[in-house]
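For reference, final-v8.txt (compact mmCIF, N, CA and C atoms):
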# COMPACT_ATOMS: atom_id res chain seq x y z
N MET A 1 67.03 9.56 79.80
CA MET A 1 68.25 10.05 80.41
C MET A 1 68.15 11.55 80.70
N LEU A 2 67.56 12.27 79.77
CA LEU A 2 67.41 13.72 79.94
C LEU A 2 66.47 14.02 81.10
N GLU A 3 65.44 13.19 81.27
CA GLU A 3 64.50 13.39 82.37
C GLU A 3 65.18 13.17 83.73
N LEU A 4 66.11 12.20 83.78
CA LEU A 4 66.85 11.94 85.00
C LEU A 4 67.74 13.13 85.36
N LEU A 5 68.38 13.72 84.36
CA LEU A 5 69.22 14.91 84.61
C LEU A 5 68.37 16.08 85.10
N PHE A 6 67.20 16.27 84.49
CA PHE A 6 66.31 17.35 84.95
C PHE A 6 65.82 17.09 86.38
N ALA A 7 65.59 15.84 86.72
CA ALA A 7 65.15 15.50 88.08
C ALA A 7 66.26 15.83 89.09
N PHE A 8 67.51 15.48 88.76
CA PHE A 8 68.63 15.81 89.65
C PHE A 8 68.83 17.32 89.74
N LEU A 9 68.73 18.01 88.59
CA LEU A 9 68.87 19.46 88.58
C LEU A 9 67.77 20.12 89.41
N GLU A 10 66.56 19.62 89.27
CA GLU A 10 65.44 20.16 90.05
C GLU A 10 65.67 19.93 91.54
N MET A 11 66.17 18.74 91.91
CA MET A 11 66.43 18.44 93.31
C MET A 11 67.51 19.35 93.88
N PHE A 12 68.60 19.53 93.15
CA PHE A 12 69.68 20.39 93.63
C PHE A 12 69.27 21.85 93.69
N LEU A 13 68.50 22.32 92.70
CA LEU A 13 68.02 23.70 92.74
C LEU A 13 67.05 23.93 93.89
N GLU A 14 66.22 22.93 94.15
CA GLU A 14 65.30 23.05 95.27
C GLU A 14 66.07 23.17 96.59
N LEU A 15 67.07 22.32 96.79
CA LEU A 15 67.90 22.40 97.99
C LEU A 15 68.64 23.72 98.08
N PHE A 16 69.19 24.18 96.95
CA PHE A 16 69.93 25.44 96.93
C PHE A 16 69.02 26.61 97.27
N PHE A 17 67.85 26.69 96.64
CA PHE A 17 66.95 27.82 96.90
C PHE A 17 66.36 27.76 98.31
N GLU A 18 66.12 26.56 98.82
CA GLU A 18 65.63 26.45 100.19
C GLU A 18 66.68 26.93 101.18
N ALA A 19 67.93 26.52 100.97
CA ALA A 19 69.02 26.97 101.85
C ALA A 19 69.24 28.47 101.71
N ALA A 20 69.18 28.98 100.48
CA ALA A 20 69.36 30.42 100.27
C ALA A 20 68.23 31.21 100.93
N PHE A 21 67.00 30.71 100.85
CA PHE A 21 65.87 31.39 101.48
C PHE A 21 66.04 31.40 103.00
N GLU A 22 66.41 30.25 103.58
CA GLU A 22 66.61 30.19 105.02
C GLU A 22 67.73 31.12 105.46
N PHE A 23 68.81 31.17 104.70
CA PHE A 23 69.92 32.06 105.03
C PHE A 23 69.47 33.52 104.97
N ALA A 24 68.74 33.88 103.93
CA ALA A 24 68.27 35.26 103.79
C ALA A 24 67.30 35.62 104.91
N ALA A 25 66.39 34.72 105.22
CA ALA A 25 65.42 35.00 106.29
C ALA A 25 66.13 35.15 107.63
N GLU A 26 67.10 34.30 107.90
CA GLU A 26 67.85 34.41 109.16
C GLU A 26 68.67 35.69 109.19
N PHE A 27 69.25 36.07 108.08
CA PHE A 27 70.04 37.30 108.00
C PHE A 27 69.16 38.52 108.26
N ILE A 28 68.01 38.56 107.62
CA ILE A 28 67.09 39.69 107.82
C ILE A 28 66.57 39.70 109.26
N GLY A 29 66.26 38.54 109.80
CA GLY A 29 65.82 38.46 111.19
C GLY A 29 66.90 38.93 112.15
N ALA A 30 68.15 38.57 111.88
CA ALA A 30 69.25 39.01 112.75
C ALA A 30 69.43 40.53 112.69
N ILE A 31 69.27 41.09 111.51
CA ILE A 31 69.41 42.56 111.38
C ILE A 31 68.28 43.26 112.14
N ILE A 32 67.07 42.74 112.00
CA ILE A 32 65.93 43.34 112.72
C ILE A 32 66.13 43.19 114.23
N TRP A 33 66.59 42.01 114.66
CA TRP A 33 66.80 41.78 116.09
C TRP A 33 67.86 42.71 116.66
N ARG A 34 68.94 42.93 115.91
CA ARG A 34 69.98 43.86 116.38
C ARG A 34 69.44 45.29 116.47
N GLY A 35 68.59 45.66 115.53
CA GLY A 35 67.99 47.00 115.58
C GLY A 35 67.10 47.17 116.79
N VAL A 36 66.29 46.16 117.07
CA VAL A 36 65.41 46.22 118.24
C VAL A 36 66.24 46.23 119.52
N ALA A 37 67.29 45.42 119.56
CA ALA A 37 68.14 45.37 120.75
C ALA A 37 68.85 46.70 120.97
N ALA A 38 69.23 47.38 119.88
CA ALA A 38 69.89 48.68 120.03
C ALA A 38 68.92 49.73 120.56
N VAL A 39 67.67 49.65 120.16
CA VAL A 39 66.67 50.62 120.64
C VAL A 39 66.41 50.41 122.12
N PHE A 40 66.30 49.15 122.55
CA PHE A 40 65.98 48.86 123.94
C PHE A 40 67.20 48.43 124.73
N ASP A 41 68.34 49.01 124.45
CA ASP A 41 69.57 48.66 125.15
C ASP A 41 69.47 49.09 126.61
N THR A 42 69.46 48.11 127.49
CA THR A 42 69.35 48.39 128.93
C THR A 42 70.57 47.87 129.68
N SER A 43 71.72 47.84 129.00
CA SER A 43 72.90 47.32 129.67
C SER A 43 73.31 48.22 130.83
N GLU A 44 73.06 49.50 130.71
CA GLU A 44 73.36 50.42 131.80
C GLU A 44 72.18 51.34 132.00
N PHE A 45 71.62 51.30 133.20
CA PHE A 45 70.51 52.20 133.51
C PHE A 45 71.07 53.55 133.91
N LYS A 46 70.36 54.60 133.52
CA LYS A 46 70.82 55.94 133.85
C LYS A 46 70.67 56.23 135.33
N ASN A 47 69.63 55.68 135.96
CA ASN A 47 69.42 55.90 137.38
C ASN A 47 69.14 54.54 138.03
N PRO A 48 70.12 53.96 138.71
CA PRO A 48 69.93 52.64 139.30
C PRO A 48 68.82 52.58 140.35
N LEU A 49 68.57 53.68 141.05
CA LEU A 49 67.51 53.68 142.05
C LEU A 49 66.14 53.49 141.39
N VAL A 50 65.91 54.20 140.30
CA VAL A 50 64.65 54.07 139.57
C VAL A 50 64.53 52.67 138.97
N ALA A 51 65.65 52.14 138.48
CA ALA A 51 65.63 50.79 137.93
C ALA A 51 65.30 49.77 139.02
N GLY A 52 65.88 49.93 140.19
CA GLY A 52 65.59 49.01 141.30
C GLY A 52 64.13 49.07 141.72
N ILE A 53 63.58 50.30 141.78
CA ILE A 53 62.16 50.44 142.12
C ILE A 53 61.30 49.81 141.03
N GLY A 54 61.71 49.97 139.77
CA GLY A 54 60.97 49.35 138.67
C GLY A 54 61.00 47.84 138.75
N TYR A 55 62.16 47.27 139.08
CA TYR A 55 62.24 45.81 139.23
C TYR A 55 61.41 45.34 140.41
N MET A 56 61.39 46.12 141.49
CA MET A 56 60.57 45.74 142.64
C MET A 56 59.08 45.78 142.27
N PHE A 57 58.70 46.79 141.50
CA PHE A 57 57.30 46.88 141.04
C PHE A 57 56.95 45.69 140.14
N LEU A 58 57.85 45.36 139.20
CA LEU A 58 57.60 44.21 138.33
C LEU A 58 57.53 42.91 139.13
N GLY A 59 58.35 42.79 140.17
CA GLY A 59 58.27 41.62 141.04
C GLY A 59 56.94 41.56 141.76
N GLY A 60 56.45 42.71 142.20
CA GLY A 60 55.14 42.75 142.84
C GLY A 60 54.03 42.34 141.89
N VAL A 61 54.14 42.79 140.65
CA VAL A 61 53.15 42.40 139.64
C VAL A 61 53.22 40.89 139.40
N ALA A 62 54.45 40.36 139.28
CA ALA A 62 54.61 38.92 139.09
C ALA A 62 54.07 38.15 140.29
N GLY A 63 54.29 38.68 141.49
CA GLY A 63 53.75 38.03 142.68
C GLY A 63 52.22 38.04 142.68
N GLY A 64 51.64 39.16 142.27
CA GLY A 64 50.18 39.24 142.18
C GLY A 64 49.62 38.28 141.16
N LEU A 65 50.29 38.17 140.01
CA LEU A 65 49.84 37.22 138.99
C LEU A 65 50.00 35.78 139.45
N SER A 66 51.06 35.52 140.24
CA SER A 66 51.25 34.15 140.73
C SER A 66 50.16 33.77 141.73
N LEU A 67 49.58 34.78 142.39
CA LEU A 67 48.49 34.49 143.33
C LEU A 67 47.23 34.01 142.61
N LEU A 68 47.09 34.37 141.35
CA LEU A 68 45.94 33.89 140.58
C LEU A 68 46.02 32.38 140.37
N LEU A 69 47.24 31.88 140.18
CA LEU A 69 47.43 30.44 139.95
C LEU A 69 47.62 29.67 141.25
N PHE A 70 48.36 30.26 142.18
CA PHE A 70 48.69 29.60 143.44
C PHE A 70 48.32 30.51 144.61
N PRO A 71 47.03 30.53 145.01
CA PRO A 71 46.62 31.45 146.08
C PRO A 71 47.10 31.03 147.46
N HIS A 72 47.54 29.80 147.63
CA HIS A 72 48.01 29.31 148.93
C HIS A 72 49.54 29.30 148.93
N PRO A 73 50.17 29.26 150.11
CA PRO A 73 51.64 29.21 150.15
C PRO A 73 52.17 27.99 149.39
N LEU A 74 53.29 28.18 148.69
CA LEU A 74 53.86 27.09 147.90
C LEU A 74 54.53 26.05 148.78
N VAL A 75 55.09 26.47 149.91
CA VAL A 75 55.72 25.54 150.85
C VAL A 75 55.08 25.74 152.22
N HIS A 76 55.29 24.78 153.08
CA HIS A 76 54.74 24.86 154.44
C HIS A 76 55.40 26.04 155.17
N PRO A 77 54.62 26.92 155.80
CA PRO A 77 55.20 28.07 156.50
C PRO A 77 56.16 27.64 157.61
N SER A 78 57.23 28.40 157.77
CA SER A 78 58.22 28.08 158.80
C SER A 78 57.75 28.61 160.15
N ARG A 79 58.53 28.32 161.18
CA ARG A 79 58.19 28.78 162.52
C ARG A 79 58.41 30.28 162.66
N VAL A 80 59.27 30.83 161.82
CA VAL A 80 59.55 32.27 161.85
C VAL A 80 58.81 32.91 160.68
N PRO A 81 57.70 33.61 160.94
CA PRO A 81 56.95 34.21 159.84
C PRO A 81 57.77 35.31 159.15
N GLY A 82 57.75 35.29 157.86
CA GLY A 82 58.44 36.32 157.08
C GLY A 82 59.89 36.01 156.79
N LEU A 83 60.38 34.87 157.21
CA LEU A 83 61.77 34.50 156.93
C LEU A 83 62.01 34.35 155.43
N SER A 84 61.02 33.85 154.72
CA SER A 84 61.17 33.67 153.27
C SER A 84 61.23 35.01 152.54
N VAL A 85 60.70 36.07 153.16
CA VAL A 85 60.75 37.39 152.52
C VAL A 85 62.18 37.89 152.46
N VAL A 86 63.03 37.41 153.36
CA VAL A 86 64.43 37.83 153.37
C VAL A 86 65.31 36.82 152.64
N ILE A 87 65.11 35.54 152.92
CA ILE A 87 65.99 34.50 152.37
C ILE A 87 65.81 34.33 150.86
N SER A 88 64.58 34.27 150.39
CA SER A 88 64.33 34.04 148.96
C SER A 88 64.94 35.13 148.07
N PRO A 89 64.75 36.42 148.38
CA PRO A 89 65.36 37.44 147.52
C PRO A 89 66.89 37.40 147.54
N VAL A 90 67.48 37.07 148.68
CA VAL A 90 68.94 36.98 148.73
C VAL A 90 69.43 35.86 147.83
N LEU A 91 68.78 34.71 147.90
CA LEU A 91 69.17 33.58 147.04
C LEU A 91 68.93 33.90 145.57
N ALA A 92 67.81 34.55 145.26
CA ALA A 92 67.53 34.91 143.87
C ALA A 92 68.55 35.93 143.37
N GLY A 93 68.94 36.87 144.22
CA GLY A 93 69.95 37.85 143.83
C GLY A 93 71.30 37.21 143.58
N LEU A 94 71.65 36.21 144.37
CA LEU A 94 72.92 35.52 144.17
C LEU A 94 72.95 34.74 142.86
N VAL A 95 71.79 34.29 142.41
CA VAL A 95 71.73 33.52 141.17
C VAL A 95 71.85 34.43 139.94
N GLN A 96 71.45 35.68 140.09
CA GLN A 96 71.48 36.61 138.95
C GLN A 96 72.91 36.81 138.48
N ILE A 97 73.11 36.76 137.18
CA ILE A 97 74.44 36.89 136.61
C ILE A 97 74.86 38.36 136.52
N GLU A 98 73.95 39.20 136.11
CA GLU A 98 74.32 40.59 135.83
C GLU A 98 74.32 41.47 137.06
N SER A 99 73.33 41.33 137.92
CA SER A 99 73.24 42.26 139.03
C SER A 99 72.52 41.63 140.21
N PHE A 100 73.19 41.60 141.34
CA PHE A 100 72.57 41.10 142.56
C PHE A 100 71.40 41.99 142.97
N GLY A 101 71.61 43.29 142.89
CA GLY A 101 70.61 44.24 143.36
C GLY A 101 69.29 44.16 142.62
N TYR A 102 69.35 44.06 141.30
CA TYR A 102 68.12 44.01 140.52
C TYR A 102 67.39 42.69 140.73
N GLY A 103 68.13 41.59 140.81
CA GLY A 103 67.50 40.30 141.10
C GLY A 103 66.88 40.29 142.48
N PHE A 104 67.58 40.88 143.45
CA PHE A 104 67.04 40.97 144.81
C PHE A 104 65.77 41.81 144.82
N ALA A 105 65.78 42.95 144.12
CA ALA A 105 64.61 43.84 144.12
C ALA A 105 63.40 43.14 143.53
N PHE A 106 63.59 42.45 142.41
CA PHE A 106 62.48 41.73 141.78
C PHE A 106 61.93 40.66 142.72
N ALA A 107 62.81 39.84 143.27
CA ALA A 107 62.37 38.75 144.14
C ALA A 107 61.77 39.29 145.43
N PHE A 108 62.29 40.41 145.94
CA PHE A 108 61.74 40.99 147.16
C PHE A 108 60.31 41.49 146.93
N GLY A 109 60.09 42.17 145.80
CA GLY A 109 58.73 42.63 145.47
C GLY A 109 57.76 41.46 145.37
N MET A 110 58.20 40.39 144.74
CA MET A 110 57.34 39.22 144.59
C MET A 110 57.09 38.55 145.94
N ALA A 111 58.13 38.44 146.77
CA ALA A 111 57.99 37.78 148.06
C ALA A 111 57.08 38.57 148.99
N VAL A 112 57.18 39.89 148.98
CA VAL A 112 56.34 40.71 149.86
C VAL A 112 54.87 40.57 149.48
N VAL A 113 54.58 40.62 148.19
CA VAL A 113 53.19 40.48 147.75
C VAL A 113 52.66 39.10 148.12
N ARG A 114 53.45 38.07 147.89
CA ARG A 114 53.00 36.71 148.23
C ARG A 114 52.85 36.54 149.73
N PHE A 115 53.72 37.16 150.53
CA PHE A 115 53.66 37.03 151.98
C PHE A 115 52.37 37.63 152.54
N PHE A 116 52.03 38.81 152.05
CA PHE A 116 50.86 39.50 152.60
C PHE A 116 49.52 39.04 152.01
N PHE A 117 49.53 38.48 150.82
CA PHE A 117 48.26 38.19 150.17
C PHE A 117 47.97 36.72 149.92
N THR A 118 48.83 35.80 150.37
CA THR A 118 48.48 34.39 150.22
C THR A 118 47.42 34.03 151.24
N LYS A 119 46.57 33.10 150.85
CA LYS A 119 45.52 32.63 151.74
C LYS A 119 46.10 31.62 152.70
N GLY A 120 45.74 31.67 153.93
CA GLY A 120 46.22 30.74 154.94
C GLY A 120 45.80 29.32 154.66
N THR A 121 46.59 28.38 155.14
CA THR A 121 46.25 26.96 154.90
C THR A 121 45.26 26.43 155.86
Written form, structure tokens:
Amino acid sequence: MLELLFAFLEMFLELFFEAAFEFAAEFIGAIIWRGVAAVFDTSEFKNPLVAGIGYMFLGGVAGGLSLLLFPHPLVHPSRVPGLSVVISPVLAGLVQIESFGYGFAFAFGMAVVRFFFTKGT
């Protein structure tokens, strides 16, 4: 009978300590995450022009990296060359929740790089 009580006590203590460990780990992780988020707080850029140029540069880099995987056009080219360079960034900017301009700049940089450097079909 005493062994059964120790088995139940061991089971409950194991569950308690496992839950306490998970809670502590999540709490410490949340504190660290808040600290990192406070350091890299980008909710408001000091200079929107520089931020837009930065997003356009990052879009160009993403476009260049996408050329490594997909060197050919992803869709069949339209009759009007370069139409996707205008339409795609506008649609991507409309989808962005926080800022149309930054989404447009990123997608425009990516579209320009893909337009000029994709291999013809």
Point to revise | Nearest-residue call for A:Ala51, choices A:Gly93, A:Gly101, A:Gly29, A:Gly109, using only N, CA and C atoms | key: A:Gly101
Review point. What does the distance between atom CA of A:Ala111 and atom CA of A:Ser78 come to in Å, to one decimal place?
Key: 14.5 Å
Point to revise | Nearest to A:Ser66, chosen from A:Arg114, A:Ala7, A:Arg79, A:Leu94, with only C-alpha atoms counted in the distances | key: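 Smallest separation from A:Ser66 among the options: A:Arg114.
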Exercise for review: Can you work out the spacing between atom CA of A:Tyr102 and atom CA of A:Met56 in Å, to one decimal?
Suggested key: 8.0 Å
Point to revise | Closest of A:Met110, A:Glu22, A:Pro89, A:His76 to A:Val61 - atom-to-atom distances counting only N, CA and C atoms | key: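 Among A:Met110, A:Glu22, A:Pro89, A:His76, it is A:Met110 that comes nearest to A:Val61.
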Review point. Expressed in Å to a single decimal, how great is the separation between atom C of A:Phe108 and atom N of A:Gly60?
Key: 6.2 Å
Check your understanding: For A:Val86, which residue out of A:Phe104, A:Phe57, A:Phe70, A:Trp33 is the nearest one, using only C-alpha atoms?
Key ->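 Between A:Phe104, A:Phe57, A:Phe70, A:Trp33, the residue approaching A:Val86 most closely is A:Phe104.
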Edge lengths and centre, in Å to one decimal, as JSON: that's what I need for the box along x, y and z that holds all listed atoms of stretch 56-67 of chain A plus 6 Å on each side.
{"center_x": 54.3, "center_y": 40.3, "center_z": 140.8, "size_x": 26.2, "size_y": 25.1, "size_z": 17.0}
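The shortest atom-to-atom distance to A:Phe106, with only C-alpha atoms taken into account, belongs to A:Leu58 out of A:Leu13, A:Leu58, A:Leu5, A:Val75.
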Point to revise | Test item, helix (DSSP H, G or I) assignment across chain A, answer as a PyMOL selection string | key: chain A and resi 2-39+48-69+83-95+100-117
Point to revise | Given only C-alpha atoms as the counted atoms, nearest of A:Leu49, A:Ala62, A:Ile28, A:Ala107 to A:Val90 | key: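 Using only C-alpha atoms, the shortest distance to A:Val90 belongs to A:Ala107.
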Can you tell me which residues surround A:Val113 at a distance of at most 7 Å, considering only N, CA and C atoms, apart from same-chain residues fewer than 6 positions away, and format the answer as a PDB file with N, CA and C atoms, keeping the file's coordinate frame?
ATOM      1  N   GLY A  59      58.350  42.790 140.170  1.00  0.00           N
ATOM      2  CA  GLY A  59      58.270  41.620 141.040  1.00  0.00           C
ATOM      3  C   GLY A  59      56.940  41.560 141.760  1.00  0.00           C
ATOM      4  N   GLY A  60      56.450  42.710 142.200  1.00  0.00           N
ATOM      5  CA  GLY A  60      55.140  42.750 142.840  1.00  0.00           C
ATOM      6  C   GLY A  60      54.030  42.340 141.890  1.00  0.00           C
ATOM      7  N   GLY A  63      54.290  38.680 141.490  1.00  0.00           N
ATOM      8  CA  GLY A  63      53.750  38.030 142.680  1.00  0.00           C
ATOM      9  C   GLY A  63      52.220  38.040 142.680  1.00  0.00           C
ATOM     10  N   GLY A  64      51.640  39.160 142.270  1.00  0.00           N
ATOM     11  CA  GLY A  64      50.180  39.240 142.180  1.00  0.00           C
ATOM     12  C   GLY A  64      49.620  38.280 141.160  1.00  0.00           C
TER      13      GLY A  64
END
